[in-house]
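Down below is the structure, laid out as structure tokens.
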Amino acid sequence: MVDAVFALLDTRSNWFSKAPIGTAFKDGAATAHVGAHIGILQRGQNTKLDREGRDYWLKPLWEIGAIEKVTLESKTRQFINGHVKAKSPNSAYRLADNFIQILNAPDGQWQPMFDAWIREDAIKERLSLQAELAERARKLVDNSHSNLISASHEIYAPRFLPGYQVVYIDDGDGDRITNAQKEKLIEAGLNLTLADAMPDVLLWNPATDCLWVIEAVTSDGEVDLHKKASLTAFAEKHGKAGIGFTTTYPTWRKAAERQSRLKNLADGTWLWIQEDPSRNIHILQA
């Protein structure tokens with residue numbers, strides 16, 4: 001966490017390719033940027049820190065309002081408040097101004113400033129304000145990925161996966177696994193950790209003890225051979241009877257745009273299009 005704070009004080013040029021002109025690293029850095037700053041620049045290693053570690057070296061700081069979440073809006077080339085798109089590569093972090101003031105305060109002054117800043121009521125007020133600003137920003141941008149994830153488990157799953165229950169949804173930037181999801185995972189006999197592949201939606205059928213994975217794609221993330229293999233291994237590790245896979249797209253145009261170029265949907269998986277919801281298409285290799 002100390003290294004993360006040090007990284008977010010860096011006044012050198014911002015690392016986003018479409019960052020606003022003249023902005024610095026400290027004005028908005030992605031998890032990967034912070035991980036690279038710590039692992040490579042600060043510690044002299046050959047690799048950056050694993051991005052999944054953000055729950056240990058960033059999350060405790062945003063939970064008290066020391067770090068603010070921001071998003072680089074590439075069309076307007078500006079940083080806006082909050083993480084307005086789930087799992088966006090443009091999600092970033094910066095230190096809150098009032099926290100920086102404490103860091104810059106001289107000896108004899110920073111302690112009373114910090115004591116007032118860390119009070120429970122002050123934390124609640126900061127987090128409430130940050131949430132309000134993020135919600136305002138969220139209404140101004142496209143949230144197609146979140147909408148597709150919702151459609152995947154609210155429309156697709158009930159129609160084509162009867163008997164399956166949702167045990168995990170990865171659609172946010174807070175806890176990767178919430179307490180409510182932990183309870184459902186335990187009930188299903190599953191232990192999903194930060195080291196495991198995190199699907200957009202994970203479902204479990206209590207009657208058959210089978211799992212089903214849904215990956216919602218608006219930019220990338222199809223069920224390809226690698227993802228199928230890693231999540232099949234996850235199911236086998238937990239003694240499950242089987243596992244199925246579906247890749248969902250918002251439109252046929254998006255599906256064609258991706259698959260005409262990549263052709264990466266794994267054999268034996270399924271394809272569903274949100275704008276054409278009555279069909280569930282099985283991908284079979286000839």
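By convention here, the chains of the structure tokens are called A, B, ... in the order presented, each chain's residues are numbered starting at 1, and ligands are numbered starting at 1 in the order presented.
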Inset, instruction - Go through range 131-215 of chain A and collect every residue that DSSP, computed from the backbone, puts in strand (DSSP E); the answer should be as a list in words. - result: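 Written out, the strand (DSSP E) residues of range 131-215 of chain A are Gln165, Val166, Val167, Tyr168, Ile169, Val201, Leu202, Leu203, Trp204, Asn205, Cys210, Leu211, Trp212, Val213, Ile214 and Glu215 of chain A.
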Would you save the residues from that selection as a CSV table (one decimal), in the first residue's frame, using N, CA, C and O atoms?
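What follows is the written file selection-v3.csv:
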chain,number,residue,atom,x,y,z
A,165,GLN,N,-28.5,-22.0,-10.7
A,165,GLN,CA,-28.6,-20.8,-9.8
A,165,GLN,C,-27.3,-20.0,-10.0
A,165,GLN,O,-26.2,-20.5,-10.1
A,166,VAL,N,-27.5,-18.7,-10.0
A,166,VAL,CA,-26.3,-17.8,-10.1
A,166,VAL,C,-25.6,-17.8,-8.7
A,166,VAL,O,-26.2,-17.6,-7.7
A,167,VAL,N,-24.3,-18.1,-8.7
A,167,VAL,CA,-23.5,-18.1,-7.5
A,167,VAL,C,-22.4,-17.0,-7.5
A,167,VAL,O,-21.9,-16.7,-6.5
A,168,TYR,N,-22.1,-16.5,-8.7
A,168,TYR,CA,-21.1,-15.4,-8.8
A,168,TYR,C,-21.3,-14.6,-10.0
A,168,TYR,O,-21.6,-15.1,-11.1
A,169,ILE,N,-21.2,-13.3,-9.8
A,169,ILE,CA,-21.3,-12.3,-10.9
A,169,ILE,C,-20.1,-11.4,-10.8
A,169,ILE,O,-20.0,-10.7,-9.7
A,201,VAL,N,-20.2,-14.6,-15.3
A,201,VAL,CA,-21.3,-15.2,-14.5
A,201,VAL,C,-21.0,-16.7,-14.3
A,201,VAL,O,-20.6,-17.4,-15.3
A,202,LEU,N,-21.1,-17.2,-13.1
A,202,LEU,CA,-20.9,-18.6,-12.8
A,202,LEU,C,-22.2,-19.1,-12.1
A,202,LEU,O,-22.8,-18.5,-11.2
A,203,LEU,N,-22.7,-20.2,-12.7
A,203,LEU,CA,-24.0,-20.8,-12.2
A,203,LEU,C,-23.7,-22.2,-11.8
A,203,LEU,O,-22.8,-22.9,-12.3
A,204,TRP,N,-24.6,-22.7,-10.9
A,204,TRP,CA,-24.5,-24.1,-10.4
A,204,TRP,C,-25.9,-24.7,-10.4
A,204,TRP,O,-26.9,-24.1,-10.0
A,205,ASN,N,-26.0,-26.0,-10.8
A,205,ASN,CA,-27.2,-26.8,-10.8
A,205,ASN,C,-27.2,-27.7,-9.6
A,205,ASN,O,-26.4,-28.7,-9.7
A,210,CYS,N,-23.6,-29.7,-11.6
A,210,CYS,CA,-22.8,-29.1,-12.8
A,210,CYS,C,-22.7,-27.6,-12.7
A,210,CYS,O,-23.6,-27.0,-12.1
A,211,LEU,N,-21.7,-27.1,-13.3
A,211,LEU,CA,-21.5,-25.6,-13.4
A,211,LEU,C,-21.7,-25.1,-14.8
A,211,LEU,O,-21.7,-25.9,-15.7
A,212,TRP,N,-22.0,-23.8,-14.9
A,212,TRP,CA,-22.1,-23.2,-16.2
A,212,TRP,C,-21.5,-21.8,-16.1
A,212,TRP,O,-21.7,-21.1,-15.2
A,213,VAL,N,-20.7,-21.5,-17.1
A,213,VAL,CA,-20.0,-20.2,-17.2
A,213,VAL,C,-20.6,-19.4,-18.3
A,213,VAL,O,-20.8,-19.9,-19.4
A,214,ILE,N,-20.8,-18.1,-18.1
A,214,ILE,CA,-21.2,-17.2,-19.1
A,214,ILE,C,-20.2,-16.0,-19.2
A,214,ILE,O,-19.9,-15.4,-18.2
A,215,GLU,N,-19.7,-15.8,-20.4
A,215,GLU,CA,-18.8,-14.7,-20.6
A,215,GLU,C,-19.5,-13.7,-21.5
A,215,GLU,O,-19.9,-14.0,-22.7
Legend entry - For Tyr156 in chain A: contacts at 8 Å, only C-alpha atoms, fewer than 5 positions along chain excluded, given as a list in words: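 Close residues of Tyr156 in chain A: Ala151, Leu161, Trp272 and Pro277 of chain A.
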Inset, instruction - Give me every alpha helix (DSSP H) residue in range 109-276 of chain A, going by DSSP on the backbone, as a VMD selection string. - result: chain A and resid 110 to 117 120 to 138 144 to 151 157 to 160 179 to 187 225 to 237 252 to 259
Inset, instruction - Considering only C-alpha atoms, return as number ranges by chain whatever protein or nucleic-acid residues lie within 8 Å of range 242-255 of chain A, sequence-local ones (same chain, fewer than 5 positions apart) excluded. - result: A: 144, 148, 152, 209-218, 222-223, 228, 232, 235-236, 265, 269-276
Legend entry - Exercise: range 45-56 of chain A partners within 9 Å, only C-alpha atoms, chain neighbours under 5 positions left out, as a VMD selection string: chain A and resid 1 31 to 40 174 to 176 194 to 195
Keeping only N, CA, C and O atoms, write the selected residues as a tab-separated table (two decimals), in the first residue's frame.
chain	number	residue	atom	x	y	z
A	1	MET	N	0.83	-1.21	0.00
A	1	MET	CA	0.00	0.00	0.00
A	1	MET	C	0.87	1.26	0.00
A	1	MET	O	0.55	2.25	-0.67
A	31	THR	N	-4.74	-0.23	-12.67
A	31	THR	CA	-4.13	-1.22	-11.78
A	31	THR	C	-2.82	-1.74	-12.36
A	31	THR	O	-1.82	-1.88	-11.64
A	32	ALA	N	-2.81	-2.02	-13.67
A	32	ALA	CA	-1.59	-2.52	-14.31
A	32	ALA	C	-0.46	-1.50	-14.25
A	32	ALA	O	0.71	-1.85	-14.09
A	33	HIS	N	-0.82	-0.22	-14.39
A	33	HIS	CA	0.19	0.84	-14.30
A	33	HIS	C	0.82	0.87	-12.91
A	33	HIS	O	2.04	0.95	-12.77
A	34	VAL	N	-0.04	0.83	-11.90
A	34	VAL	CA	0.47	0.86	-10.52
A	34	VAL	C	1.32	-0.37	-10.24
A	34	VAL	O	2.40	-0.29	-9.64
A	35	GLY	N	0.85	-1.54	-10.72
A	35	GLY	CA	1.61	-2.77	-10.53
A	35	GLY	C	2.97	-2.73	-11.21
A	35	GLY	O	3.96	-3.22	-10.67
A	36	ALA	N	3.03	-2.13	-12.40
A	36	ALA	CA	4.30	-2.00	-13.11
A	36	ALA	C	5.21	-0.99	-12.42
A	36	ALA	O	6.43	-1.18	-12.34
A	37	HIS	N	4.62	0.08	-11.93
A	37	HIS	CA	5.40	1.11	-11.23
A	37	HIS	C	6.09	0.50	-10.01
A	37	HIS	O	7.28	0.71	-9.77
A	38	ILE	N	5.31	-0.30	-9.25
A	38	ILE	CA	5.87	-0.91	-8.03
A	38	ILE	C	6.90	-1.98	-8.38
A	38	ILE	O	8.02	-1.98	-7.87
A	39	GLY	N	6.48	-2.91	-9.25
A	39	GLY	CA	7.35	-4.05	-9.53
A	39	GLY	C	8.60	-3.71	-10.31
A	39	GLY	O	9.69	-4.21	-9.99
A	40	ILE	N	8.47	-2.84	-11.31
A	40	ILE	CA	9.60	-2.56	-12.19
A	40	ILE	C	10.37	-1.32	-11.78
A	40	ILE	O	11.59	-1.37	-11.57
A	174	GLY	N	-15.77	-3.18	-6.81
A	174	GLY	CA	-15.58	-3.25	-5.37
A	174	GLY	C	-14.95	-4.58	-5.03
A	174	GLY	O	-13.94	-4.98	-5.58
A	175	ASP	N	-15.56	-5.34	-4.12
A	175	ASP	CA	-15.07	-6.68	-3.82
A	175	ASP	C	-15.23	-7.56	-5.05
A	175	ASP	O	-16.30	-7.61	-5.64
A	176	ARG	N	-14.17	-8.25	-5.44
A	176	ARG	CA	-14.30	-9.19	-6.55
A	176	ARG	C	-15.27	-10.31	-6.16
A	176	ARG	O	-16.00	-10.81	-7.00
A	194	LEU	N	-8.75	-15.30	-6.00
A	194	LEU	CA	-8.21	-14.34	-6.96
A	194	LEU	C	-7.28	-15.00	-7.97
A	194	LEU	O	-7.03	-14.45	-9.04
A	195	ALA	N	-6.78	-16.19	-7.64
A	195	ALA	CA	-5.88	-16.89	-8.55
A	195	ALA	C	-6.63	-17.64	-9.65
A	195	ALA	O	-6.05	-18.06	-10.64
Inset, instruction - List the neighbours of Thr178 in chain A out to 12 Å using only C-alpha atoms; skip same-chain residues closer than 5 positions along the sequence, and give me the result as a PyMOL selection string. - result: chain A and resi 167-173+183-185+192-193
Inset, instruction - Between A:Ala229, A:Pro158, A:Lys240, A:Glu135, single out the one closest to Ala188 in chain A, counting only C-alpha atoms. - result: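 Among the listed residues, A:Lys240 lies closest to Ala188 in chain A.
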Inset, instruction - Using only C-alpha atoms, find the one residue out of A:Arg279, A:Arg94, A:His226, A:Lys263 that sits nearest to Phe160 in chain A. - result: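 Of A:Arg279, A:Arg94, A:His226, A:Lys263, the one nearest Phe160 in chain A is A:Arg279, counting only C-alpha atoms.
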Inset, instruction - Take CA of Met113 in chain A and CA of Lys69 in chain A and report the distance between them in Å, one decimal. - result: 22.8 Å
Legend entry - For CA of Phe114 in chain A and CA of Leu9 in chain A, the interatomic separation in Å (one decimal):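 So the two atoms, CA of Phe114 in chain A and CA of Leu9 in chain A, lie 18.0 Å apart.
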Inset, instruction - Identify, on the basis of only C-alpha atoms, every residue whose closest approach to Ala29 in chain A does not exceed 12 Å; exclude the query and any residue fewer than 3 positions from it along the same chain; express the result as a PyMOL selection string. - result: chain A and resi 4-5+7-17+19+23-26+32-37+58+67-72+79+89-95
